[in-house]
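Asker: Can you read through this structure? Questions will come right after.
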Amino acid sequence: MKIAFKKMLVVFTIFIVSLCSFSSYSFAESIQSINVNQKSIVYPTPIENNQEIFIHVDAYGNPTIEVPDKYNTEKNNIEVYNNSVSTIGFTSDAMPDAGNKRIRVSSIVSKITGNSPSQVSIAFQLYRASTRSGSMRLEASSFKSLLFPSMGSSTSDYINLSRTGYYKVRFTYSMAYTTGERPTSATTETGVTLLNRMAREFPGGYTDPISGSSIGEPNADWTKTSSPVSWTKTDRNNFRNWYISTYNQQNYNWTNVEINHIQPREYGGTNSYSNLIPLPKGVHTLYTSWFAGY
């Protein structure tokens, strides 16, 4: 079964105006469901909507921030927009280079009105945590510059991964002008995605429709054990018999079903029935392949 992995991180646009800066905005995740052999498996994917942030500066240097409501097409600050004197916009992207242990980051100038900066310095910062809700720490950075940027000016780079983690990329833009405006900066960031050390995205959560047992996102700090528990044909048969009896599944067809350790034995998982779940063979392959690069 072939399933294409999507972009780790959303493409987004930010608009920045000289003489001011703003705090970062995060992008939430949505969940896309597909069906595999009548069993539900979900893949975390970034939201598709671009996030636009307008910062308008009038002739007196007073900034106004406008975050348009995507459900409301009316723009109440049109007069402020008409009075702004300088705006620069960027579209930025972060994409896992699956199999090559790195993330490709890029930025392109998508809009310029008024005075163009003489230089834009861009910091691509990769942050990592061991859990989705854990504290993010700076893992690696890359820095690029654009001299006298114009519409379509772009830059890109690769940031290497060294281990599995929950990752996000932060983009920080610093602008310098020769036309009298004060230097200014702005920051935005992507959503959080779980990648293994090969930069492959976690397949997502799975729930067995009969038992209700689920595979959730693992921690990213499991360590490999030198003595994993054994898994024998007897262990497999014992679980099958228990499953059939517990869930009254005397006619259950095991032909294309394999038994998966939710926490792999190589990373401390046990043969406890709470750690076992039946999976279609193709789905099982997704998880074993991902953990091979853990």
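Convention: chains lettered A, B, ... in structure tokens order; per-chain residue numbering from 1; ligands numbered from 1 as shown.
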Using only C-alpha atoms, which protein or nucleic acid residues come within 10 Å of Asn219 of chain A? Drop anything in the same chain fewer than 3 positions from it, and give the result as a PyMOL selection string.

Answerer: chain A and resi 129-132+134+164-166+194+216+222+263

Asker: Could you dump the residues just selected with N, CA and C atoms as a PDB file, in the first residue's frame?

Answerer:
```pdb
ATOM      1  N   ALA A 129      11.069  19.301  20.528  1.00  0.00           N
ATOM      2  CA  ALA A 129      10.612  18.858  21.838  1.00  0.00           C
ATOM      3  C   ALA A 129      10.463  17.340  21.807  1.00  0.00           C
ATOM      4  N   SER A 130      10.422  16.719  22.985  1.00  0.00           N
ATOM      5  CA  SER A 130      10.271  15.263  23.070  1.00  0.00           C
ATOM      6  C   SER A 130       8.819  14.821  23.025  1.00  0.00           C
ATOM      7  N   THR A 131       7.899  15.751  23.302  1.00  0.00           N
ATOM      8  CA  THR A 131       6.465  15.476  23.207  1.00  0.00           C
ATOM      9  C   THR A 131       5.809  16.675  22.525  1.00  0.00           C
ATOM     10  N   ARG A 132       4.587  16.484  22.057  1.00  0.00           N
ATOM     11  CA  ARG A 132       3.918  17.582  21.359  1.00  0.00           C
ATOM     12  C   ARG A 132       3.711  18.789  22.267  1.00  0.00           C
ATOM     13  N   GLY A 134       5.582  19.424  24.932  1.00  0.00           N
ATOM     14  CA  GLY A 134       6.799  19.684  25.685  1.00  0.00           C
ATOM     15  C   GLY A 134       7.437  21.019  25.344  1.00  0.00           C
ATOM     16  N   THR A 164      15.043  11.898  16.360  1.00  0.00           N
ATOM     17  CA  THR A 164      13.583  11.991  16.296  1.00  0.00           C
ATOM     18  C   THR A 164      13.104  13.120  17.199  1.00  0.00           C
ATOM     19  N   GLY A 165      12.031  13.795  16.799  1.00  0.00           N
ATOM     20  CA  GLY A 165      11.521  14.866  17.643  1.00  0.00           C
ATOM     21  C   GLY A 165      10.262  15.492  17.079  1.00  0.00           C
ATOM     22  N   TYR A 166       9.642  16.304  17.915  1.00  0.00           N
ATOM     23  CA  TYR A 166       8.525  17.160  17.512  1.00  0.00           C
ATOM     24  C   TYR A 166       9.136  18.497  17.085  1.00  0.00           C
ATOM     25  N   LEU A 194       5.824  15.645  14.044  1.00  0.00           N
ATOM     26  CA  LEU A 194       6.690  14.583  14.559  1.00  0.00           C
ATOM     27  C   LEU A 194       7.447  13.935  13.404  1.00  0.00           C
ATOM     28  N   GLY A 216      -1.143   6.018  19.459  1.00  0.00           N
ATOM     29  CA  GLY A 216      -0.994   7.467  19.496  1.00  0.00           C
ATOM     30  C   GLY A 216       0.428   7.860  19.150  1.00  0.00           C
ATOM     31  N   TRP A 222      12.501   7.851  23.559  1.00  0.00           N
ATOM     32  CA  TRP A 222      12.698   6.443  23.874  1.00  0.00           C
ATOM     33  C   TRP A 222      14.114   6.038  23.476  1.00  0.00           C
ATOM     34  N   GLN A 263       4.376   0.341  21.602  1.00  0.00           N
ATOM     35  CA  GLN A 263       5.745   0.764  21.898  1.00  0.00           C
ATOM     36  C   GLN A 263       6.640  -0.394  21.485  1.00  0.00           C
TER      37      GLN A 263
END
```

Asker: Name the residues of segment 118-151 of chain A that fall into strand (DSSP E) according to DSSP on the backbone, using the chain letters and numbers of this document, as JSON, numbers by chain.

Answerer: {"A": [119, 120, 121, 122, 123, 124, 125, 126, 127, 128, 129, 137, 138, 139, 140, 141, 142, 143, 144, 145, 146, 147]}

Asker: Might you pull out every residue within 8 Å of Ser174 of chain A, with only C-alpha atoms counted and same-chain residues fewer than 6 positions away left off, and present them as a list of chain:residue names?

Answerer: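 Surrounding residues, per the criterion: A:Val120, A:Ser121, A:Ile122, A:Pro183, A:Thr184, A:Ser185, A:Ala186.
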
Asker: What is the atom CA of Asp157 of chain A-atom CA of Arg137 of chain A distance in Å, reported with one decimal?

Answerer: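 We find that atom CA of Asp157 of chain A and atom CA of Arg137 of chain A lie 20.3 Å from each other.
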
Asker: Considering only C-alpha atoms, can you say which of A:Phe148, A:Trp231, A:Tyr127, A:Phe202 comes closest to Glu266 of chain A?

Answerer: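 The answer is A:Trp231, which sits nearest to Glu266 of chain A.
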